[in-house]
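See below for coords-v7.tsv, which holds TSV, C-alpha atoms and all ligand atoms.
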```
chain	number	residue	atom	x	y	z
A	1	MET	CA	-71.55	27.60	-81.22
A	2	PRO	CA	-72.63	31.26	-81.22
A	3	TYR	CA	-76.11	30.65	-79.80
A	4	GLN	CA	-77.78	30.50	-76.42
A	5	LYS	CA	-80.61	28.17	-75.57
A	6	VAL	CA	-83.90	30.05	-75.37
A	7	THR	CA	-86.48	27.27	-75.61
A	8	TYR	CA	-86.70	23.85	-74.07
A	9	PRO	CA	-87.05	20.95	-76.56
A	10	THR	CA	-90.43	19.32	-76.19
A	11	ILE	CA	-89.17	15.76	-75.97
A	12	LEU	CA	-92.29	14.77	-74.06
A	13	ASP	CA	-94.43	15.74	-77.04
A	14	GLU	CA	-93.03	12.77	-78.92
A	15	ARG	CA	-94.72	10.43	-76.50
A	16	ALA	CA	-98.09	11.67	-77.68
A	17	SER	CA	-97.78	9.64	-80.87
A	18	GLN	CA	-96.80	6.46	-79.05
A	19	GLU	CA	-100.19	4.76	-79.29
A	20	GLU	CA	-100.25	5.15	-83.05
A	21	LEU	CA	-96.86	3.51	-83.30
A	22	HIS	CA	-98.04	0.48	-81.35
A	23	ARG	CA	-99.96	-0.66	-84.40
A	24	GLU	CA	-98.54	-3.58	-86.30
A	25	GLY	CA	-96.57	-3.15	-89.49
A	26	ASP	CA	-95.16	-5.52	-92.10
A	27	VAL	CA	-91.98	-7.10	-90.75
A	28	LEU	CA	-88.99	-6.46	-93.03
A	29	MET	CA	-86.05	-7.54	-90.84
A	30	VAL	CA	-85.61	-9.35	-87.52
A	31	ASP	CA	-82.15	-9.22	-85.95
A	32	GLU	CA	-80.64	-9.12	-89.43
A	33	PRO	CA	-77.03	-7.93	-89.74
A	34	LEU	CA	-76.53	-4.78	-91.78
A	35	PRO	CA	-73.34	-4.20	-93.85
A	36	SER	CA	-71.68	-2.60	-90.80
A	37	ARG	CA	-72.72	-5.69	-88.76
A	38	ALA	CA	-75.12	-3.58	-86.68
A	39	ARG	CA	-78.27	-5.62	-85.97
A	40	PRO	CA	-81.50	-3.77	-85.33
A	41	ASP	CA	-83.98	-5.99	-83.51
A	42	LEU	CA	-86.96	-5.25	-85.73
A	43	VAL	CA	-87.65	-3.26	-88.91
A	44	GLN	CA	-91.26	-2.75	-90.03
A	45	ARG	CA	-93.11	-0.95	-92.76
A	46	THR	CA	-96.01	0.82	-91.05
A	47	PRO	CA	-98.58	3.40	-92.10
A	48	HIS	CA	-96.11	5.93	-90.63
A	49	GLY	CA	-93.22	4.77	-92.80
A	50	ILE	CA	-90.28	2.54	-92.01
A	51	VAL	CA	-89.87	1.99	-88.25
A	52	VAL	CA	-86.87	0.46	-86.46
A	53	THR	CA	-87.46	-0.99	-83.00
A	54	ASP	CA	-84.73	-1.89	-80.53
A	55	THR	CA	-85.42	-3.72	-77.28
A	56	LYS	CA	-83.54	-2.86	-74.11
A	57	VAL	CA	-83.85	-4.77	-70.86
A	58	THR	CA	-82.98	-3.30	-67.49
A	59	LEU	CA	-83.05	-5.15	-64.18
A	60	LYS	CA	-84.41	-2.21	-62.26
A	61	GLY	CA	-84.70	1.52	-62.48
A	62	GLY	CA	-87.81	1.77	-64.61
A	63	PHE	CA	-87.79	4.30	-67.40
A	64	ARG	CA	-85.95	7.21	-65.89
A	65	TYR	CA	-83.28	7.21	-68.61
A	66	VAL	CA	-85.67	6.98	-71.54
A	67	ASP	CA	-85.09	10.54	-72.74
A	68	GLU	CA	-81.43	9.85	-73.45
A	69	TYR	CA	-82.51	7.88	-76.53
A	70	PHE	CA	-83.55	11.17	-78.15
A	71	THR	CA	-79.91	11.60	-79.13
A	72	SER	CA	-78.90	7.94	-79.35
A	73	HIS	CA	-76.02	7.37	-81.75
A	74	GLN	CA	-77.04	3.73	-82.03
A	75	LEU	CA	-80.61	4.54	-83.13
A	76	PHE	CA	-79.50	7.15	-85.65
A	77	HIS	CA	-76.98	4.70	-87.04
A	78	TYR	CA	-79.73	2.09	-87.43
A	79	ALA	CA	-81.99	4.66	-89.09
A	80	TRP	CA	-79.33	5.76	-91.54
A	81	GLU	CA	-78.09	2.28	-92.45
A	82	VAL	CA	-81.53	0.67	-92.75
A	83	GLY	CA	-82.50	3.59	-94.99
A	84	GLU	CA	-79.45	2.94	-97.16
A	85	VAL	CA	-80.18	-0.80	-97.41
A	86	LEU	CA	-83.90	-0.42	-98.16
A	87	GLY	CA	-83.52	2.65	-100.34
A	88	GLU	CA	-86.17	4.53	-98.39
A	89	PRO	CA	-85.92	6.68	-95.30
A	90	VAL	CA	-86.58	5.47	-91.77
A	91	LYS	CA	-89.20	7.74	-90.24
A	92	TRP	CA	-89.20	6.53	-86.65
A	93	CYS	CA	-87.10	4.53	-84.24
A	94	ARG	CA	-88.62	3.02	-81.13
A	95	ILE	CA	-87.09	1.85	-77.93
A	96	HIS	CA	-88.95	-1.10	-76.46
A	97	LEU	CA	-87.90	-0.80	-72.83
A	98	ILE	CA	-88.42	-3.70	-70.43
A	99	SER	CA	-87.83	-3.10	-66.74
A	100	LEU	CA	-87.80	-6.38	-64.79
A	101	THR	CA	-88.32	-5.17	-61.23
A	102	PRO	CA	-91.10	-4.22	-61.21
A	103	LEU	CA	-92.06	-5.72	-64.56
A	104	GLN	CA	-93.00	-2.84	-66.85
A	105	THR	CA	-92.69	-2.22	-70.56
A	106	LEU	CA	-92.67	0.95	-72.59
A	107	LEU	CA	-92.58	1.62	-76.31
A	108	HIS	CA	-90.88	4.99	-76.73
A	109	PRO	CA	-90.77	6.58	-80.22
A	110	ILE	CA	-88.11	8.92	-81.56
A	111	GLU	CA	-88.88	10.71	-84.81
A	112	ILE	CA	-86.04	10.57	-87.32
A	113	ARG	CA	-86.34	13.90	-89.06
A	114	PRO	CA	-84.14	14.18	-92.17
A	115	GLU	CA	-82.52	17.33	-90.79
A	116	ARG	CA	-81.42	15.56	-87.61
A	117	LEU	CA	-80.30	12.49	-89.53
A	118	ALA	CA	-78.16	14.72	-91.77
A	119	LEU	CA	-76.68	16.36	-88.68
A	120	TRP	CA	-75.87	12.93	-87.23
A	121	LEU	CA	-74.38	11.70	-90.51
A	122	GLU	CA	-72.14	14.75	-90.86
A	123	GLY	CA	-70.63	14.05	-87.44
A	124	ALA	CA	-70.49	10.29	-87.95
A	125	LYS	CA	-68.61	10.64	-91.25
A	126	ARG	CA	-65.99	12.78	-89.56
A	127	VAL	CA	-65.56	10.13	-86.86
A	128	TRP	CA	-65.41	7.29	-89.43
A	129	ASP	CA	-62.84	9.18	-91.50
A	130	GLU	CA	-60.78	9.78	-88.43
A	131	MET	CA	-61.08	6.18	-87.24
A	132	GLY	CA	-59.70	5.08	-90.61
A	133	THR	CA	-56.45	6.91	-90.01
A	134	GLN	CA	-53.38	5.49	-88.30
A	135	THR	CA	-54.00	7.61	-85.21
A	136	PRO	CA	-57.69	7.45	-84.30
A	137	THR	CA	-58.90	9.28	-81.22
A	138	ALA	CA	-60.03	6.90	-78.49
A	139	ARG	CA	-63.51	7.82	-77.27
A	140	PHE	CA	-63.64	6.17	-73.88
A	141	THR	CA	-67.26	7.18	-73.22
A	142	GLY	CA	-68.42	4.63	-75.78
A	143	CYS	CA	-66.03	1.77	-75.04
A	144	GLN	CA	-68.19	0.13	-72.39
A	145	THR	CA	-71.72	1.21	-71.65
A	146	ARG	CA	-74.38	-0.36	-69.52
A	147	TYR	CA	-75.55	-2.18	-72.64
A	148	GLY	CA	-72.22	-3.86	-73.16
A	149	PRO	CA	-68.83	-3.28	-74.74
A	150	CYS	CA	-68.05	-1.69	-78.09
A	151	GLU	CA	-67.31	-4.37	-80.68
A	152	PHE	CA	-63.73	-3.06	-80.91
A	153	ARG	CA	-63.00	-2.85	-77.20
A	154	ASP	CA	-60.45	-5.66	-77.42
A	155	ALA	CA	-58.76	-4.04	-80.41
A	156	CYS	CA	-58.31	-0.74	-78.58
A	157	HIS	CA	-57.82	-1.85	-74.98
A	158	VAL	CA	-56.22	-5.31	-75.22
A	159	LEU	CA	-54.51	-5.55	-78.62
A	160	ASP	CA	-53.37	-1.90	-78.62
A	161	LEU	CA	-54.56	-1.44	-82.25
A	162	ASP	CA	-51.63	-3.55	-83.42
A	163	PRO	CA	-52.69	-4.81	-86.89
A	164	ASP	CA	-50.82	-8.11	-86.52
A	165	ARG	CA	-52.33	-8.91	-83.13
A	166	MET	CA	-55.75	-7.72	-84.25
A	167	GLU	CA	-55.78	-10.32	-87.03
A	168	SER	CA	-56.03	-13.02	-84.35
A	169	VAL	CA	-59.47	-11.69	-83.39
A	170	TYR	CA	-60.78	-9.60	-86.28
A	171	GLY	CA	-61.06	-10.23	-90.00
A	172	ARG	CA	-59.94	-7.54	-92.42
A	173	VAL	CA	-62.70	-5.97	-94.51
A	174	PRO	CA	-62.32	-3.68	-97.52
A	175	PRO	CA	-63.14	-0.01	-96.89
A	176	ARG	CA	-66.70	1.00	-97.75
A	177	ASP	CA	-67.69	4.02	-99.80
A	178	ILE	CA	-70.11	6.22	-97.87
B	201	LIG	S1	-63.41	0.53	-77.96
B	201	LIG	FE1	-62.21	1.71	-79.46
B	201	LIG	S2	-63.54	1.87	-81.28
B	201	LIG	FE2	-64.84	1.28	-79.52
B	201	LIG	S3	-65.60	3.23	-78.67
B	201	LIG	FE3	-63.74	2.70	-77.52
B	201	LIG	S4	-62.09	3.80	-78.61
B	201	LIG	FE4	-63.86	3.75	-80.02
```
Would you mind writing the structure in this file as structure tokens?
Ligand code: SF4
Amino acid sequence: MPYQKVTYPTILDERASQEELHREGDVLMVDEPLPSRARPDLVQRTPHGIVVTDTKVTLKGGFRYVDEYFTSHQLFHYAWEVGEVLGEPVKWCRIHLISLTPLQTLLHPIEIRPERLALWLEGAKRVWDEMGTQTPTARFTGCQTRYGPCEFRDACHVLDLDPDRMESVYGRVPPRDI
């Protein structure tokens, strides 16, 4: 990319609107599977638009990793797919973080600007296209995270992407138009 960074993104500014997002909204979905089988914990219609909330629990460590959700693939996927299903854009995602020792909670909002969602979708489509080929690139960084394994970890790491062996664990689904 032919650019150098000259300003620091004001991620902390997003926390300023947190109190507003605490307000209740109409519940539209609770742990409901989307066509991709992703399951956002909570989808609400609020005065600020459609909001997706995902709860994460950590044993300890507090909230020191909260800023990494600013670029969370999972949250942008939720935002895009919920928007497709409802036919209206998701404006915000929120991480509801629960730290158990000491017991603390935080509701951390991430604005889903259409420009950033389009940037995410452009990259995601390239990955999906590539994953649909016979020789997908393995992305080991996402295979097992601290939130658990990728749904296809067994396919890639145990069944060696062998279609016959994969049928013992996975059902075939028709390709989706995106
Ligand atoms: S397990 Fe397979 S599909 Fe999942 S992130 Fe890793 S390489 Fe990609």
Enter the distance from CA of Tyr69 in chain A to CA of Gly87 in chain A, in Å, rounded to one decimal.
24.4 Å
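CA of Thr105 in chain A sits 12.0 Å away from CA of Gly61 in chain A.
All polymer residues at most 12 Å from (-81.2, 4.8, -95.3), using only C-alpha atoms, appear as Leu34, Ile50, Val51, Val52, Phe76, His77, Tyr78, Ala79, Trp80, Glu81, Val82, Gly83, Glu84, Val85, Leu86, Gly87, Glu88, Pro89, Val90, Lys91, Trp92, Ile112, Pro114, Leu117, Ala118, Leu121 and Ile178 of chain A.
Minimum distance to Ser99 in chain A across A:Arg153, A:His48, A:Arg139, A:Arg64 (counting all atoms listed in the file) occurs at A:Arg64.
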Would you write out, as CSV, a table of all residues in chain A that have an atom no more than 8 Å from an atom of ligand LIG 201 (chain B), listing for each the closest atom pair and the distance in Å to one decimal, considering only C-alpha atoms and all ligand atoms and ordering rows by chain and rising residue number?
```
residue,atom,partner,partner_atom,distance
A:Met131,CA,B:LIG201,S2,7.8
A:Thr137,CA,B:LIG201,S4,6.9
A:Ala138,CA,B:LIG201,S4,3.7
A:Arg139,CA,B:LIG201,S4,4.5
A:Phe140,CA,B:LIG201,FE3,5.0
A:Thr141,CA,B:LIG201,S3,6.9
A:Gly142,CA,B:LIG201,S3,4.3
A:Cys143,CA,B:LIG201,FE3,3.5
A:Gln144,CA,B:LIG201,FE3,7.3
A:Pro149,CA,B:LIG201,S1,7.4
A:Cys150,CA,B:LIG201,FE2,4.6
A:Glu151,CA,B:LIG201,FE2,6.3
A:Phe152,CA,B:LIG201,S1,4.7
A:Arg153,CA,B:LIG201,S1,3.5
A:Asp154,CA,B:LIG201,S1,6.9
A:Ala155,CA,B:LIG201,FE1,6.8
A:Cys156,CA,B:LIG201,FE1,4.7
A:His157,CA,B:LIG201,S1,6.8
```
Counting only C-alpha atoms, the residue among A:Pro40, A:Gly123, A:Gly171, A:Gly132 that lies closest to Leu28 in chain A is A:Pro40
Please report the interatomic distance between CA of Pro163 in chain A and CA of Thr145 in chain A in Å with one decimal.
25.1 Å
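With all atoms listed in the file as the atoms that count, the residue of A:Arg113, A:Lys125, A:Arg37, A:Arg172 with the shortest distance to Phe70 in chain A is A:Arg113.
Each of A:Val57, A:Leu103, A:Gly148, A:Gln74 was compared to Ala124 in chain A using only C-alpha atoms, and A:Gln74 turns out to be the nearest.
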My list of candidates is A:Val127, A:Leu161, A:Leu42, A:Val27. Which is closest to His96 in chain A when distances are computed with all atoms listed in the file?
A:Leu42
Using all atoms listed in the file, the best pick from A:Val169, A:Val158, A:Cys93, A:Val66 as closest to Gln44 in chain A would be A:Cys93
